[in-house]
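Student: Structure file target_28.txt (compact mmCIF, C-alpha atoms) is given on the next line.
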# COMPACT_ATOMS: atom_id res chain seq x y z
CA GLY A 234 11.79 1.02 8.93
CA GLN A 235 10.13 4.39 9.31
CA GLN A 236 6.35 4.64 9.57
CA LEU A 237 4.07 7.57 9.13
CA ASN A 238 1.61 8.45 11.87
CA GLN A 239 -1.96 8.94 10.77
CA SER A 240 -4.64 10.60 12.82
CA PRO A 241 -7.25 9.73 13.79
CA GLN A 242 -6.92 5.92 13.84
CA SER A 243 -10.64 5.55 13.23
CA MET A 244 -13.67 7.73 12.68
CA PHE A 245 -17.39 7.13 12.93
CA ILE A 246 -19.36 9.84 11.14
CA GLN A 247 -22.83 10.42 9.80
CA GLU A 248 -23.61 10.61 6.13
CA GLY A 249 -23.26 14.18 4.90
CA GLU A 250 -20.55 15.18 7.37
CA ASP A 251 -17.14 16.42 6.30
CA VAL A 252 -14.05 14.41 7.25
CA SER A 253 -10.49 15.50 7.94
CA MET A 254 -7.48 13.29 8.53
CA ASN A 255 -3.76 13.89 8.56
CA CYS A 256 -0.42 12.19 8.28
CA THR A 257 2.83 13.27 9.92
CA SER A 258 6.44 12.24 9.52
CA SER A 259 9.71 12.95 11.26
CA SER A 260 11.37 13.11 7.84
CA ILE A 261 10.85 15.25 4.78
CA PHE A 262 9.11 13.72 1.80
CA ASN A 263 9.06 15.01 -1.77
CA THR A 264 5.94 13.12 -2.80
CA TRP A 265 2.81 12.48 -0.76
CA LEU A 266 0.06 10.09 -1.79
CA TRP A 267 -3.31 9.04 -0.47
CA TYR A 268 -4.73 5.56 -1.04
CA LYS A 269 -8.11 4.08 -0.11
CA GLN A 270 -8.70 0.44 0.77
CA GLU A 271 -12.27 -0.81 0.56
CA PRO A 272 -13.29 -3.92 2.50
CA GLY A 273 -11.88 -7.07 0.88
CA GLU A 274 -9.82 -5.18 -1.69
CA GLY A 275 -6.36 -3.76 -2.15
CA PRO A 276 -5.59 -0.03 -1.81
CA VAL A 277 -6.36 2.26 -4.73
CA LEU A 278 -4.56 5.53 -5.41
CA LEU A 279 -6.76 8.59 -4.80
CA ILE A 280 -4.46 11.60 -5.01
CA ALA A 281 -0.76 12.26 -5.63
CA LEU A 282 0.98 15.46 -4.48
CA TYR A 283 4.38 16.58 -5.74
CA LYS A 284 5.02 20.08 -4.41
CA ALA A 285 5.05 21.64 -0.94
CA GLY A 286 1.86 23.63 -0.40
CA GLU A 287 0.07 21.92 -3.29
CA LEU A 288 -3.68 21.47 -2.94
CA THR A 289 -5.26 18.85 -5.21
CA SER A 290 -8.87 17.69 -5.52
CA ASN A 291 -10.45 14.51 -6.81
CA GLY A 292 -14.23 14.93 -6.67
CA ARG A 293 -15.22 15.39 -3.03
CA LEU A 294 -11.68 14.65 -1.87
CA THR A 295 -9.07 17.34 -1.34
CA ALA A 296 -5.50 16.68 -0.24
CA GLN A 297 -2.73 19.06 0.70
CA PHE A 298 1.05 18.71 0.75
CA GLY A 299 2.18 20.42 3.97
CA ILE A 300 4.59 23.31 3.57
CA THR A 301 7.07 21.72 5.97
CA ARG A 302 7.05 18.62 3.71
CA LYS A 303 6.60 16.54 6.86
CA ASP A 304 2.84 16.27 6.72
CA SER A 305 -0.18 15.90 4.49
CA PHE A 306 -3.92 16.27 4.93
CA LEU A 307 -6.97 14.69 3.36
CA ASN A 308 -10.48 16.13 3.50
CA ILE A 309 -13.67 14.46 2.32
CA SER A 310 -16.70 16.67 1.93
CA ALA A 311 -20.32 15.55 2.32
CA SER A 312 -19.47 11.91 3.10
CA ILE A 313 -21.53 9.08 1.64
CA PRO A 314 -21.72 5.38 2.60
CA SER A 315 -19.30 4.32 -0.16
CA ASP A 316 -16.57 6.41 1.50
CA VAL A 317 -16.22 3.59 4.04
CA GLY A 318 -12.74 2.07 4.09
CA ILE A 319 -9.21 2.55 5.32
CA TYR A 320 -7.33 5.59 4.09
CA PHE A 321 -3.55 5.32 3.88
CA CYS A 322 -1.08 8.11 3.33
CA ALA A 323 2.28 7.32 1.77
CA GLY A 324 5.46 9.35 1.40
CA GLN A 325 8.32 9.05 -1.00
CA GLY A 326 11.68 10.58 -0.29
CA ARG A 327 12.92 11.39 -3.75
CA ALA A 328 10.40 12.43 -6.37
CA GLY A 329 10.90 11.09 -9.86
CA THR A 330 12.85 8.09 -8.67
CA ALA A 331 11.96 4.53 -7.86
CA SER A 332 12.60 5.10 -4.19
CA LYS A 333 10.73 3.43 -1.37
CA LEU A 334 7.18 4.37 -0.46
CA THR A 335 6.57 4.56 3.28
CA PHE A 336 2.95 3.96 4.26
CA GLY A 337 1.04 5.32 7.19
CA THR A 338 -0.80 3.30 9.80
CA GLY A 339 -4.19 4.06 8.24
CA THR A 340 -7.41 5.83 9.22
CA ARG A 341 -10.50 3.62 9.28
CA LEU A 342 -13.64 5.50 8.26
CA GLN A 343 -17.15 4.31 9.04
CA VAL A 344 -20.16 6.22 7.70
CA THR A 345 -23.58 5.76 9.26
CA LEU A 346 -26.86 6.65 7.61
CA GLU B 77 -8.86 -5.60 -17.85
CA ALA B 78 -5.67 -4.22 -16.30
CA GLN B 79 -5.09 -5.95 -12.99
CA VAL B 80 -2.80 -7.50 -10.43
CA THR B 81 -3.88 -11.05 -9.61
CA GLN B 82 -2.93 -12.79 -6.41
CA ASN B 83 -3.62 -16.39 -5.48
CA PRO B 84 -4.90 -17.76 -3.24
CA ARG B 85 -7.22 -15.23 -1.55
CA TYR B 86 -7.26 -17.22 1.67
CA LEU B 87 -4.75 -19.74 2.98
CA ILE B 88 -4.55 -21.64 6.25
CA THR B 89 -1.40 -23.64 6.84
CA VAL B 90 0.71 -25.10 9.62
CA THR B 91 4.08 -24.02 10.94
CA GLY B 92 6.97 -25.14 8.76
CA LYS B 93 5.04 -26.13 5.65
CA LYS B 94 6.48 -24.29 2.65
CA LEU B 95 4.07 -22.18 0.66
CA THR B 96 4.02 -19.84 -2.31
CA VAL B 97 1.67 -16.94 -2.96
CA THR B 98 1.54 -16.08 -6.63
CA CYS B 99 1.27 -12.60 -8.13
CA SER B 100 0.81 -11.72 -11.76
CA GLN B 101 0.24 -8.39 -13.52
CA ASN B 102 -0.88 -7.80 -17.12
CA MET B 103 0.17 -4.15 -17.42
CA ASN B 104 3.82 -4.70 -18.42
CA HIS B 105 4.95 -2.91 -15.26
CA GLU B 106 8.64 -2.93 -14.40
CA TYR B 107 8.23 -2.44 -10.65
CA MET B 108 6.61 -5.02 -8.37
CA SER B 109 6.44 -5.24 -4.60
CA TRP B 110 5.04 -7.27 -1.71
CA TYR B 111 3.51 -5.75 1.42
CA ARG B 112 2.03 -7.14 4.57
CA GLN B 113 -0.79 -5.39 6.41
CA ASP B 114 -1.19 -5.79 10.16
CA PRO B 115 -3.60 -3.94 12.49
CA GLY B 116 -2.11 -0.70 13.74
CA LEU B 117 1.00 -1.08 11.58
CA GLY B 118 -0.31 -0.18 8.15
CA LEU B 119 1.43 -1.55 5.08
CA ARG B 120 5.03 -2.68 5.41
CA GLN B 121 7.18 -3.59 2.43
CA ILE B 122 8.64 -7.11 2.33
CA TYR B 123 10.52 -7.25 -0.98
CA TYR B 124 10.48 -5.34 -4.22
CA SER B 125 11.73 -5.76 -7.77
CA MET B 126 12.75 -3.08 -10.25
CA ASN B 127 12.76 -5.46 -13.21
CA VAL B 128 13.41 -9.06 -14.24
CA GLU B 129 16.12 -10.69 -12.11
CA VAL B 130 16.43 -7.53 -9.94
CA THR B 131 15.05 -7.90 -6.41
CA ASP B 132 15.81 -6.21 -3.09
CA LYS B 133 14.75 -6.30 0.55
CA GLY B 134 12.12 -4.03 1.97
CA ASP B 135 11.53 -3.27 5.64
CA VAL B 136 10.49 -6.73 6.84
CA PRO B 137 12.15 -9.37 4.59
CA GLU B 138 12.99 -11.97 7.26
CA GLY B 139 11.34 -15.32 6.58
CA TYR B 140 10.42 -14.51 2.97
CA LYS B 141 11.91 -15.08 -0.47
CA VAL B 142 10.93 -13.76 -3.88
CA SER B 143 11.93 -14.31 -7.48
CA ARG B 144 11.41 -12.34 -10.70
CA LYS B 145 12.14 -14.66 -13.59
CA GLU B 146 9.49 -13.07 -15.82
CA LYS B 147 8.29 -9.49 -15.94
CA ARG B 148 4.66 -10.34 -15.17
CA ASN B 149 5.17 -12.68 -12.19
CA PHE B 150 6.52 -12.03 -8.70
CA PRO B 151 5.83 -14.94 -6.33
CA LEU B 152 6.28 -14.68 -2.57
CA ILE B 153 7.77 -17.77 -0.94
CA LEU B 154 7.62 -18.70 2.73
CA GLU B 155 10.09 -21.56 3.16
CA SER B 156 9.13 -22.32 6.78
CA PRO B 157 6.11 -20.27 7.82
CA SER B 158 5.68 -19.29 11.45
CA PRO B 159 2.63 -17.93 13.31
CA ASN B 160 4.05 -14.37 13.29
CA GLN B 161 3.69 -14.43 9.50
CA THR B 162 -0.08 -14.60 9.87
CA SER B 163 -1.13 -11.45 8.03
CA LEU B 164 -2.86 -9.92 5.03
CA TYR B 165 -0.49 -9.80 2.08
CA PHE B 166 -0.66 -7.51 -0.94
CA CYS B 167 1.22 -7.59 -4.20
CA ALA B 168 1.54 -4.32 -6.10
CA SER B 169 3.01 -3.14 -9.38
CA SER B 170 3.71 0.16 -11.08
CA PRO B 171 5.30 1.46 -14.23
CA LEU B 172 8.63 3.20 -13.88
CA MET B 173 7.75 6.38 -15.75
CA GLU B 174 10.66 8.83 -15.59
CA GLY B 175 12.07 6.60 -12.90
CA ALA B 176 9.13 7.10 -10.52
CA ASN B 177 7.12 4.23 -9.07
CA GLU B 178 4.65 5.89 -6.73
CA LYS B 179 1.41 5.00 -8.56
CA LEU B 180 0.98 1.47 -7.30
CA PHE B 181 -1.70 -0.93 -8.49
CA PHE B 182 -2.56 -3.46 -5.78
CA GLY B 183 -3.93 -6.98 -5.92
CA SER B 184 -6.96 -7.96 -3.84
CA GLY B 185 -4.88 -9.50 -1.07
CA THR B 186 -4.09 -12.91 0.41
CA GLN B 187 -5.18 -13.59 3.98
CA LEU B 188 -2.67 -16.06 5.43
CA SER B 189 -3.09 -17.87 8.74
CA VAL B 190 -0.21 -19.96 10.09
CA LEU B 191 -1.24 -22.31 12.89
What do you get writing this file as structure tokens?
Tutor:
Amino acid sequence: GQQLNQSPQSMFIQEGEDVSMNCTSSSIFNTWLWYKQEPGEGPVLLIALYKAGELTSNGRLTAQFGITRKDSFLNISASIPSDVGIYFCAGQGRAGTASKLTFGTGTRLQVTL
Amino acid sequence: EAQVTQNPRYLITVTGKKLTVTCSQNMNHEYMSWYRQDPGLGLRQIYYSMNVEVTDKGDVPEGYKVSRKEKRNFPLILESPSPNQTSLYFCASSPLMEGANEKLFFGSGTQLSVL
């Protein structure tokens, strides 16, 4: 099955720094999502995007649906220790349907004090 | 509290010994799914279910079985586990609002080791 490529694979940053990560696909998606997995837990939905070009925020997190519909971006501003975890993007081919979600390979974020 | 409950959290077994990982959700969700998480590969779907008695294969179904006899439960069965099934497994559920299922709620995971 198809997988989405996330970049970078891992990041080590200092508290207070901004973070950027992205997700690219060879196929077009009509829905993009970002999930966060904290150590020892399952992923939790952070942001859902439904329209090309859409920019959506959730607190210090901002995600964008790329205009080509083949990519998405997640930014975290002023990182804090509780931002530690693995961030997964996910794409869905047909919005508004129960079609398959394809997950990315994940970006592991470590925040140092 | 709304949740997806998986059991057990950790399991060590030997090759060929049948096992079942249970999954239960209390949110009356129609859609349920199993994923495995492996380093560098992200989350890959094993099986999913749109509703009671409706199941279908995901990307990596070989070596696994599922059943959906009740809406709340979706067990994952490994009839003859092999070492390449050593992985972290997640169960997830979502409502099917307007046909969409993208807002998944995940369990806390089951770490399986097959020796």
Student: Compile the contact shell of Pro272 (chain A) as JSON, numbers by chain: residues with an atom at most 12 Å away, counting only C-alpha atoms, same-chain residues fewer than 2 positions apart removed.
Tutor: {"A": [269, 270, 274, 275, 276, 277, 315, 316, 317, 318, 319, 320, 341, 342, 343], "B": [184, 185]}
Student: Find the spatial neighbours of region 84-101 of chain B, counting only C-alpha atoms, within a cut-off of 6 Å - ignore same-chain residues fewer than 3 positions away - and output them as an MDAnalysis selection string.
Tutor: chainID B and resid 79:81 148:158 186:191
Student: Return the neighbours of chain A among the residues of chain B, cut-off 9 Å, counting all atoms listed in the file, as a PyMOL selection string.
Tutor: chain B and resi 107+115-121+126+134-136+166-168+172-185
Student: When you count all atoms listed in the file, which of these residues is closest to Leu346 (chain A): A:Gly326, A:Pro314, A:Ile261, A:Asn291?
Tutor: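 Closest to Leu346 (chain A), using all atoms listed in the file: A:Pro314.
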Student: Show me, as a list of chain:residue names, the residues that have an atom within 12 Å of Ser312 (chain A) when counting only C-alpha atoms, minus same-chain residues fewer than 3 positions from it.
Tutor: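 In the requested form, the answer reads A:Met244, A:Phe245, A:Ile246, A:Gln247, A:Glu248, A:Gly249, A:Glu250, A:Asp251, A:Val252, A:Ser253, A:Gly292, A:Arg293, A:Leu294, A:Asn308, A:Ile309, A:Ser315, A:Asp316, A:Val317, A:Gly318, A:Leu342, A:Gln343, A:Val344, A:Thr345, A:Leu346.
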Student: Please measure the separation of CA of Ser240 (chain A) and CA of Lys303 (chain A), giving the value in Å to one decimal.
Tutor: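 Separation of CA of Ser240 (chain A) and CA of Lys303 (chain A): 14.0 Å.
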Student: Have a look at CA of Ser125 (chain B) and CA of Gln113 (chain B) and let me know their distance in Å, one decimal.
Tutor: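 Separating CA of Ser125 (chain B) from CA of Gln113 (chain B) is a distance of 18.9 Å.
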Student: As an exercise, work out the distance from CA of Ser170 (chain B) to CA of Phe262 (chain A) in Å and give it to one decimal place.
Tutor: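 Distance reported for this atom pair: 19.5 Å.
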Student: Box in all listed atoms of region 243-254 of chain A, axis-aligned, with 6 Å more on each side; write out centre and edge lengths in Å to one decimal as lines of an AutoDock Vina configuration file.
Tutor:
center_x = -15.5
center_y = 11.0
center_z = 9.1
size_x = 28.1
size_y = 22.9
size_z = 20.3
